[in-house]
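Shown below: coords_12.txt, with compact mmCIF, C-alpha atoms.
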# COMPACT_ATOMS: atom_id res chain seq x y z
CA MET A 1 54.32 111.91 157.95
CA LYS A 2 52.60 109.35 160.16
CA ASN A 3 52.76 109.52 163.93
CA LYS A 4 55.24 107.01 165.30
CA ASN A 5 56.38 105.93 168.74
CA TYR A 6 59.92 104.71 169.16
CA VAL A 7 61.89 102.91 171.86
CA PHE A 8 65.69 103.15 171.88
CA ILE A 9 67.15 101.38 174.86
CA ALA A 10 69.98 99.22 176.15
CA ARG A 11 69.56 96.09 178.22
CA SER A 12 71.67 93.28 179.63
CA ILE A 13 71.48 89.82 178.04
CA ASP A 14 68.99 88.90 180.76
CA GLY A 15 66.81 91.89 180.01
CA TYR A 16 67.54 94.50 182.66
CA ILE A 17 67.84 98.22 181.95
CA ALA A 18 69.34 99.01 185.36
CA ASP A 19 70.85 96.87 188.09
CA LYS A 20 69.22 96.21 191.47
CA ASN A 21 70.43 99.59 192.76
CA GLY A 22 69.08 101.40 189.71
CA ASP A 23 72.63 101.90 188.45
CA ILE A 24 73.66 101.78 184.81
CA ASP A 25 77.46 101.81 185.11
CA TRP A 26 77.53 98.24 183.70
CA LEU A 27 76.47 99.82 180.38
CA TYR A 28 80.06 100.97 180.10
CA THR A 29 81.79 97.64 180.73
CA VAL A 30 82.64 97.58 177.04
CA ALA A 31 85.48 100.00 176.26
CA ASN A 32 84.28 102.60 173.78
CA THR A 33 87.59 102.92 171.97
CA GLU A 34 85.91 104.19 168.81
CA ASN A 35 83.91 106.83 170.68
CA SER A 36 80.80 105.36 169.07
CA ASP A 37 77.37 106.80 169.85
CA CYS A 38 75.83 103.44 168.89
CA GLY A 39 73.47 105.07 166.44
CA TYR A 40 72.00 107.52 168.96
CA GLU A 41 72.57 110.69 166.90
CA LYS A 42 70.94 109.18 163.83
CA PHE A 43 68.03 108.01 165.96
CA ILE A 44 67.43 111.23 167.88
CA ASN A 45 67.51 113.30 164.69
CA LYS A 46 64.20 111.81 163.59
CA ILE A 47 62.50 112.43 166.94
CA ASP A 48 60.25 115.45 167.64
CA ALA A 49 59.88 115.00 171.40
CA ILE A 50 60.80 112.64 174.21
CA ILE A 51 58.23 111.16 176.56
CA MET A 52 60.00 110.12 179.72
CA GLY A 53 58.97 108.74 183.08
CA ARG A 54 59.71 110.70 186.22
CA SER A 55 62.30 108.18 187.44
CA SER A 56 64.26 108.46 184.21
CA PHE A 57 64.06 112.24 184.36
CA GLU A 58 65.40 112.27 187.93
CA LYS A 59 68.08 109.78 186.87
CA VAL A 60 69.26 112.16 184.14
CA LEU A 61 69.28 115.06 186.62
CA SER A 62 71.31 112.94 189.08
CA PHE A 63 74.15 112.61 186.55
CA GLY A 64 74.98 116.27 187.14
CA ILE A 65 75.69 116.75 183.44
CA ASP A 66 74.51 119.46 181.06
CA TRP A 67 70.95 118.81 179.93
CA PRO A 68 71.53 116.34 177.09
CA TYR A 69 68.44 116.99 174.96
CA ASN A 70 67.75 119.72 172.43
CA ILE A 71 64.19 118.65 171.72
CA PRO A 72 61.18 118.96 174.03
CA VAL A 73 60.98 116.44 176.86
CA LEU A 74 57.57 115.58 178.29
CA VAL A 75 57.97 114.16 181.79
CA LEU A 76 55.22 111.82 182.90
CA SER A 77 54.29 112.38 186.47
CA ASN A 78 51.26 112.55 188.71
CA THR A 79 53.30 113.69 191.69
CA LEU A 80 55.74 116.22 190.24
CA LYS A 81 53.95 119.56 190.28
CA LYS A 82 56.76 121.98 189.49
CA ILE A 83 59.48 121.86 186.90
CA PRO A 84 62.85 121.95 188.69
CA LYS A 85 64.73 125.23 188.44
CA GLY A 86 66.76 125.51 185.27
CA TYR A 87 64.55 123.19 183.24
CA ILE A 88 61.69 125.53 182.37
CA GLY A 89 61.37 125.65 178.59
CA LYS A 90 63.20 122.33 178.35
CA VAL A 91 60.74 120.00 179.98
CA GLU A 92 56.99 119.90 180.49
CA ILE A 93 55.17 117.82 183.07
CA ILE A 94 52.27 115.78 181.73
CA SER A 95 50.06 113.04 183.08
CA GLY A 96 47.40 110.69 181.83
CA THR A 97 47.05 107.36 180.12
CA PRO A 98 49.40 106.54 177.24
CA LYS A 99 46.63 107.40 174.74
CA GLU A 100 45.91 110.74 176.44
CA ILE A 101 49.61 111.53 176.48
CA LEU A 102 49.90 110.77 172.78
CA LYS A 103 46.92 113.02 172.07
CA THR A 104 48.60 115.86 173.98
CA ALA A 105 51.89 115.32 172.14
CA HIS A 106 50.23 115.15 168.72
CA THR A 107 48.24 118.32 169.45
CA LYS A 108 51.54 120.07 170.11
CA GLY A 109 52.70 118.89 166.67
CA TYR A 110 55.10 116.18 167.91
CA LYS A 111 54.66 113.23 165.57
CA HIS A 112 57.76 111.13 166.15
CA LEU A 113 58.09 110.33 169.82
CA TYR A 114 60.89 108.69 171.77
CA ILE A 115 59.24 106.73 174.58
CA ASP A 116 61.83 106.30 177.34
CA GLY A 117 62.15 104.72 180.75
CA GLY A 118 61.17 101.25 181.95
CA LYS A 119 57.70 101.90 183.31
CA THR A 120 56.81 104.28 180.50
CA VAL A 121 57.85 101.80 177.80
CA GLN A 122 55.94 99.04 179.60
CA GLY A 123 52.84 101.23 179.82
CA PHE A 124 52.91 102.01 176.10
CA LEU A 125 53.63 98.39 175.13
CA ASN A 126 50.75 97.28 177.31
CA GLN A 127 48.47 99.34 175.05
CA ASP A 128 50.32 98.17 171.92
CA LEU A 129 51.36 101.73 171.15
CA ILE A 130 55.00 101.15 170.18
CA ASP A 131 55.83 101.17 166.46
CA GLU A 132 59.58 100.63 166.50
CA ILE A 133 62.00 99.21 169.06
CA CYS A 134 65.75 99.53 168.92
CA ILE A 135 67.36 97.32 171.58
CA THR A 136 71.08 97.28 172.25
CA THR A 137 72.18 94.21 174.18
CA ILE A 138 75.18 94.55 176.50
CA PRO A 139 77.17 91.30 176.97
CA ILE A 140 76.52 90.85 180.67
CA LEU A 141 74.09 88.93 182.87
CA LEU A 142 73.06 91.17 185.75
CA GLY A 143 71.07 88.50 187.58
CA GLU A 144 68.60 91.02 188.95
CA GLY A 145 67.52 94.60 188.40
CA ILE A 146 64.89 96.69 186.67
CA PRO A 147 63.44 94.72 183.76
CA LEU A 148 62.82 96.25 180.34
CA PHE A 149 59.67 94.22 179.72
CA LYS A 150 56.70 93.30 181.85
CA GLU A 151 53.56 91.22 181.46
CA LEU A 152 51.41 92.04 178.45
CA PRO A 153 47.74 91.29 177.83
CA GLU A 154 48.60 89.75 174.44
CA LYS A 155 51.51 88.57 172.32
CA ILE A 156 52.88 91.31 170.05
CA ARG A 157 54.58 90.42 166.78
CA PHE A 158 57.45 92.52 165.45
CA GLU A 159 59.46 92.27 162.28
CA HIS A 160 63.19 92.54 162.26
CA ILE A 161 64.51 95.53 160.33
CA LYS A 162 68.25 95.25 160.88
CA THR A 163 70.93 94.31 163.38
CA GLU A 164 74.28 96.01 163.78
CA VAL A 165 77.15 95.23 166.11
CA TYR A 166 78.95 98.18 167.71
CA LEU A 167 82.44 97.95 169.19
CA ASN A 168 82.39 94.19 168.39
CA GLU A 169 80.35 93.71 171.56
CA LEU A 170 77.04 95.58 171.49
CA VAL A 171 74.30 93.95 169.43
CA GLN A 172 71.70 96.46 168.30
CA SER A 173 68.50 95.11 166.76
CA ASN A 174 65.77 97.22 165.19
CA TYR A 175 62.22 95.90 165.12
CA ARG A 176 59.02 97.27 163.61
CA ARG A 177 55.53 96.38 164.88
CA LYS A 178 53.97 93.87 162.51
CA ARG A 179 50.35 94.94 162.16
CA MET B 1 90.44 69.56 174.43
CA LYS B 2 89.08 71.53 177.36
CA ASN B 3 85.74 70.71 178.93
CA LYS B 4 83.10 73.19 177.84
CA ASN B 5 79.45 73.78 178.60
CA TYR B 6 77.25 75.30 175.93
CA VAL B 7 73.78 76.79 175.78
CA PHE B 8 71.95 76.96 172.44
CA ILE B 9 68.47 78.32 172.86
CA ALA B 10 65.75 80.51 171.37
CA ARG B 11 63.84 83.16 173.23
CA SER B 12 61.30 85.88 172.54
CA ILE B 13 62.41 89.53 172.58
CA ASP B 14 61.14 89.68 176.17
CA GLY B 15 63.18 86.65 177.21
CA TYR B 16 60.77 83.72 177.31
CA ILE B 17 61.64 80.23 176.06
CA ALA B 18 58.04 79.02 176.19
CA ASP B 19 54.71 80.77 176.50
CA LYS B 20 52.47 80.66 179.59
CA ASN B 21 51.13 77.25 178.54
CA GLY B 22 54.63 75.89 178.00
CA ASP B 23 54.08 75.99 174.23
CA ILE B 24 56.74 76.87 171.68
CA ASP B 25 54.64 77.17 168.51
CA TRP B 26 55.47 80.92 168.42
CA LEU B 27 59.03 79.85 167.55
CA TYR B 28 57.70 79.17 164.09
CA THR B 29 55.94 82.48 163.47
CA VAL B 30 58.73 83.30 161.04
CA ALA B 31 58.29 81.35 157.78
CA ASN B 32 61.32 79.12 157.23
CA THR B 33 61.34 79.49 153.46
CA GLU B 34 65.02 78.61 153.25
CA ASN B 35 64.62 75.49 155.38
CA SER B 36 67.39 76.89 157.61
CA ASP B 37 68.49 75.00 160.70
CA CYS B 38 69.72 78.29 162.19
CA GLY B 39 73.17 76.87 162.85
CA TYR B 40 71.93 73.86 164.84
CA GLU B 41 73.77 71.17 162.84
CA LYS B 42 77.06 73.02 163.10
CA PHE B 43 76.50 73.50 166.82
CA ILE B 44 75.44 69.94 167.67
CA ASN B 45 78.40 68.48 165.76
CA LYS B 46 80.80 69.78 168.40
CA ILE B 47 78.75 68.39 171.31
CA ASP B 48 79.53 65.05 173.06
CA ALA B 49 76.38 64.80 175.19
CA ILE B 50 73.25 66.72 176.08
CA ILE B 51 72.28 67.49 179.65
CA MET B 52 68.58 68.14 179.75
CA GLY B 53 66.01 68.78 182.45
CA ARG B 54 63.14 66.38 182.88
CA SER B 55 60.55 68.92 181.64
CA SER B 56 62.47 69.43 178.41
CA PHE B 57 62.82 65.68 177.98
CA GLU B 58 59.08 65.17 178.44
CA LYS B 59 58.45 68.07 176.06
CA VAL B 60 60.51 66.36 173.37
CA LEU B 61 58.64 63.08 173.96
CA SER B 62 55.30 64.93 173.70
CA PHE B 63 56.11 66.01 170.14
CA GLY B 64 55.57 62.41 169.03
CA ILE B 65 58.49 62.66 166.61
CA ASP B 66 61.43 60.31 166.08
CA TRP B 67 64.06 60.76 168.78
CA PRO B 68 65.98 63.75 167.41
CA TYR B 69 69.39 63.15 169.00
CA ASN B 70 72.20 60.84 167.95
CA ILE B 71 74.42 61.63 170.92
CA PRO B 72 73.89 60.60 174.56
CA VAL B 73 71.26 62.56 176.47
CA LEU B 74 71.56 62.79 180.24
CA VAL B 75 68.18 63.61 181.75
CA LEU B 76 68.29 65.41 185.07
CA SER B 77 65.69 64.13 187.43
CA ASN B 78 65.22 63.23 191.05
CA THR B 79 61.75 61.78 190.44
CA LEU B 80 62.10 59.84 187.20
CA LYS B 81 63.29 56.36 188.18
CA LYS B 82 62.90 54.45 184.95
CA ILE B 83 63.82 55.30 181.41
CA PRO B 84 60.64 55.27 179.29
CA LYS B 85 60.29 52.30 176.96
CA GLY B 86 62.11 52.78 173.68
CA TYR B 87 64.69 55.20 175.10
CA ILE B 88 67.07 52.75 176.76
CA GLY B 89 70.52 53.27 175.30
CA LYS B 90 69.51 56.76 174.16
CA VAL B 91 69.03 58.50 177.47
CA GLU B 92 70.36 58.09 180.98
CA ILE B 93 68.78 59.48 184.12
CA ILE B 94 71.11 61.40 186.41
CA SER B 95 70.72 63.62 189.43
CA GLY B 96 72.86 65.84 191.58
CA THR B 97 74.15 69.37 191.69
CA PRO B 98 75.46 70.93 188.47
CA LYS B 99 79.04 70.23 189.60
CA GLU B 100 78.26 66.59 190.40
CA ILE B 101 76.54 66.20 187.05
CA LEU B 102 79.55 67.61 185.24
CA LYS B 103 81.82 65.22 187.11
CA THR B 104 79.65 62.30 186.02
CA ALA B 105 79.62 63.49 182.41
CA HIS B 106 83.38 64.08 182.32
CA THR B 107 84.02 60.63 183.82
CA LYS B 108 82.03 59.18 180.93
CA GLY B 109 84.34 61.05 178.56
CA TYR B 110 81.85 63.75 177.53
CA LYS B 111 83.78 67.00 177.36
CA HIS B 112 81.58 69.29 175.31
CA LEU B 113 78.15 69.47 176.84
CA TYR B 114 74.93 71.03 175.59
CA ILE B 115 73.06 72.28 178.66
CA ASP B 116 69.40 72.50 177.74
CA GLY B 117 66.10 73.48 179.32
CA GLY B 118 65.14 76.55 181.34
CA LYS B 119 65.71 75.31 184.89
CA THR B 120 68.83 73.38 183.93
CA VAL B 121 70.41 76.39 182.23
CA GLN B 122 69.49 78.57 185.21
CA GLY B 123 71.02 76.05 187.62
CA PHE B 124 74.30 75.96 185.71
CA LEU B 125 74.41 79.74 185.28
CA ASN B 126 73.79 80.15 188.98
CA GLN B 127 77.06 78.29 189.57
CA ASP B 128 78.78 80.19 186.73
CA LEU B 129 79.32 76.94 184.82
CA ILE B 130 78.35 78.06 181.32
CA ASP B 131 81.19 78.80 178.88
CA GLU B 132 79.30 79.73 175.73
CA ILE B 133 75.78 80.92 175.07
CA CYS B 134 74.12 81.04 171.68
CA ILE B 135 70.81 82.90 171.88
CA THR B 136 68.43 83.22 168.96
CA THR B 137 65.89 86.00 169.43
CA ILE B 138 62.47 85.56 167.82
CA PRO B 139 60.76 88.87 166.89
CA ILE B 140 57.81 88.58 169.23
CA LEU B 141 56.85 89.81 172.69
CA LEU B 142 55.08 86.99 174.52
CA GLY B 143 54.17 89.07 177.55
CA GLU B 144 54.42 86.10 179.89
CA GLY B 145 55.79 82.58 179.95
CA ILE B 146 58.78 80.57 181.08
CA PRO B 147 61.81 82.87 181.35
CA LEU B 148 65.25 81.91 180.06
CA PHE B 149 67.08 83.67 182.88
CA LYS B 150 66.54 83.89 186.60
CA GLU B 151 68.19 85.63 189.52
CA LEU B 152 71.93 85.15 189.87
CA PRO B 153 74.15 85.60 192.90
CA GLU B 154 76.53 87.80 190.87
CA LYS B 155 76.87 89.64 187.59
CA ILE B 156 78.46 87.51 184.87
CA ARG B 157 80.40 89.13 182.02
CA PHE B 158 80.40 87.62 178.56
CA GLU B 159 82.17 88.65 175.39
CA HIS B 160 80.41 88.78 172.08
CA ILE B 161 81.78 86.34 169.52
CA LYS B 162 79.48 86.91 166.56
CA THR B 163 75.92 87.68 165.55
CA GLU B 164 74.13 86.30 162.52
CA VAL B 165 70.65 86.94 161.21
CA TYR B 166 68.70 83.96 159.88
CA LEU B 167 65.71 84.30 157.54
CA ASN B 168 66.04 88.11 157.89
CA GLU B 169 64.20 87.80 161.21
CA LEU B 170 66.05 85.64 163.73
CA VAL B 171 68.99 87.31 165.45
CA GLN B 172 71.48 84.78 166.75
CA SER B 173 74.22 86.04 169.06
CA ASN B 174 77.12 83.96 170.36
CA TYR B 175 78.75 84.89 173.65
CA ARG B 176 81.73 83.48 175.49
CA ARG B 177 82.20 83.74 179.27
CA LYS B 178 84.77 86.44 179.99
CA ARG B 179 86.94 85.07 182.76
For this file, write the structure as structure tokens.
Amino acid sequence: MKNKNYVFIARSIDGYIADKNGDIDWLYTVANTENSDCGYEKFINKIDAIIMGRSSFEKVLSFGIDWPYNIPVLVLSNTLKKIPKGYIGKVEIISGTPKEILKTAHTKGYKHLYIDGGKTVQGFLNQDLIDEICITTIPILLGEGIPLFKELPEKIRFEHIKTEVYLNELVQSNYRRKR
Amino acid sequence: MKNKNYVFIARSIDGYIADKNGDIDWLYTVANTENSDCGYEKFINKIDAIIMGRSSFEKVLSFGIDWPYNIPVLVLSNTLKKIPKGYIGKVEIISGTPKEILKTAHTKGYKHLYIDGGKTVQGFLNQDLIDEICITTIPILLGEGIPLFKELPEKIRFEHIKTEVYLNELVQSNYRRKR
């Protein structure tokens, strides 16, 4: 099976993944009466490892919940030197350019990678290294916050695979890089 | 019938309505084999008048096509003093704050307004004066350009009405202001 890099992320209508305080509570403004996972389980089942920025990693830790992943998580960081207590065997710290990181992941046998976190996604998109994007749009304008996308050196064409609406409110579109 | 302000606009996945040169040729990267109007006719039929920024107006003129509107167009401008030759009776120049502009339009009997153009939409959203938004997402990342949205003083909640996919590629979502 070919190596593939995936993004699976939620954003506001105006393109933010977190509000100006870094909070994501607005993600839950839509009542989840059906207890829907919005396709997450199906998505994560095809992933071999997660590549996550340090900020996202620390955000997950800050939730004070049980570690939510049962696949390897590679945390991108140049500053983090030690894996926090309790996470040894669950996460690995790596650094380098997106291409170097991919090389490391592929060497470990991880072919299907979930690229997560704003800066990390932007870094991989900047090098045109994302194969599939699944974006779930939450029906809110935040007005400011942490943007999903950033400047790119070139336009990147995608093709639409499918769009589904969850809970009558959340619009989830899947795109594949058109090469 | 209640007064209502509508937005009907296309953007790239990363939220731009025009590229860095102000061009919109990327809107047509998807082949329109079905000659679809992507819901435009149905939309425009419920509109009494269009409120358009000067840049958008000049953009339309630059296309060198027949005037595409058969309803009144109010062009927002503080600098334009004279209606260009050939457009008298088709467009009117107005100025003022979004609220003043609405008052003028309502006095003229225009209840359902199409608010068009980046800055104009942003100005009306800033005052929370948009009732419905129809956004069509084109499957491309532009990387830079003229953004659809800008900073807002507050978060604004919308509710999802419906989403349709045109030409298997263009995802069109309709939202209504949740008040």
Can you tell me which residues surround Ala105 (chain B) at a distance of at most 9 Å, considering only C-alpha atoms, apart from same-chain residues fewer than 6 positions away, and format the answer as a PyMOL selection string? chain B and resi 49+51+74+111+113
Take the selection from the previous step and output its residues with C-alpha atoms, as a tab-separated table (two decimals), in the coordinates of the input.
chain	number	residue	atom	x	y	z
B	49	ALA	CA	76.38	64.80	175.19
B	51	ILE	CA	72.28	67.49	179.65
B	74	LEU	CA	71.56	62.79	180.24
B	111	LYS	CA	83.78	67.00	177.36
B	113	LEU	CA	78.15	69.47	176.84
Mind pulling up the distance from CA of Lys155 (chain B) to CA of Glu100 (chain B)?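 Computing the Euclidean distance for CA of Glu100 (chain B) and CA of Lys155 (chain B) yields 23.3 Å.
Minimum distance to chain B across A:Trp67, A:Phe43, A:Tyr166, A:Tyr6 (counting only C-alpha atoms) occurs at A:Tyr166.
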For chain B against chain A, which residues fall within 9 Å using all atoms listed in the file, given as a VMD selection string? chain B and resid 13 to 15 29 126 138 to 144 148 to 165 168 to 171 173 175
Between CA of Lys81 (chain A) and CA of Gly96 (chain A), what is the distance, to one decimal in Å?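 Between CA of Lys81 (chain A) and CA of Gly96 (chain A) the gap works out to 13.9 Å.
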Between CA of Lys2 (chain B) and CA of Ser56 (chain B), distance in Å (one decimal):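 It comes out at 26.7 Å.
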Env of Tyr40 (chain B): 10 Å cut, atoms = only C-alpha atoms, seq-sep filter 5 positions within chain, self excluded. Answer as a ChimeraX atom specification. /B:8-9,45
Exercise: Leu80 (chain B) partners within 12 Å, only C-alpha atoms, chain neighbours under 2 positions left out, as a PDB file with C-alpha atoms, in the coordinates of the input:
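Final file, around-v5.pdb:
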ATOM      1  CA  GLY B  53      66.010  68.780 182.450  1.00  0.00           C
ATOM      2  CA  ARG B  54      63.140  66.380 182.880  1.00  0.00           C
ATOM      3  CA  SER B  55      60.550  68.920 181.640  1.00  0.00           C
ATOM      4  CA  PHE B  57      62.820  65.680 177.980  1.00  0.00           C
ATOM      5  CA  GLU B  58      59.080  65.170 178.440  1.00  0.00           C
ATOM      6  CA  VAL B  75      68.180  63.610 181.750  1.00  0.00           C
ATOM      7  CA  LEU B  76      68.290  65.410 185.070  1.00  0.00           C
ATOM      8  CA  SER B  77      65.690  64.130 187.430  1.00  0.00           C
ATOM      9  CA  ASN B  78      65.220  63.230 191.050  1.00  0.00           C
ATOM     10  CA  LYS B  82      62.900  54.450 184.950  1.00  0.00           C
ATOM     11  CA  ILE B  83      63.820  55.300 181.410  1.00  0.00           C
ATOM     12  CA  PRO B  84      60.640  55.270 179.290  1.00  0.00           C
ATOM     13  CA  GLU B  92      70.360  58.090 180.980  1.00  0.00           C
ATOM     14  CA  ILE B  93      68.780  59.480 184.120  1.00  0.00           C
ATOM     15  CA  ILE B  94      71.110  61.400 186.410  1.00  0.00           C
ATOM     16  CA  SER B  95      70.720  63.620 189.430  1.00  0.00           C
TER      17      SER B  95
END
Could you list, as a compact mmCIF listing (two decimals) with C-alpha atoms, in the frame of the given file, every residue within 10 Å of Lys59 (chain A), counting only C-alpha atoms and ignoring same-chain residues fewer than 5 positions away?
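What ended up in selection-v1.txt:
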# COMPACT_ATOMS: atom_id res chain seq x y z
CA GLY A 22 69.08 101.40 189.71
CA ASP A 23 72.63 101.90 188.45
CA ILE A 24 73.66 101.78 184.81
CA GLY A 53 58.97 108.74 183.08
CA ARG A 54 59.71 110.70 186.22
CA GLY A 64 74.98 116.27 187.14
CA GLY A 117 62.15 104.72 180.75
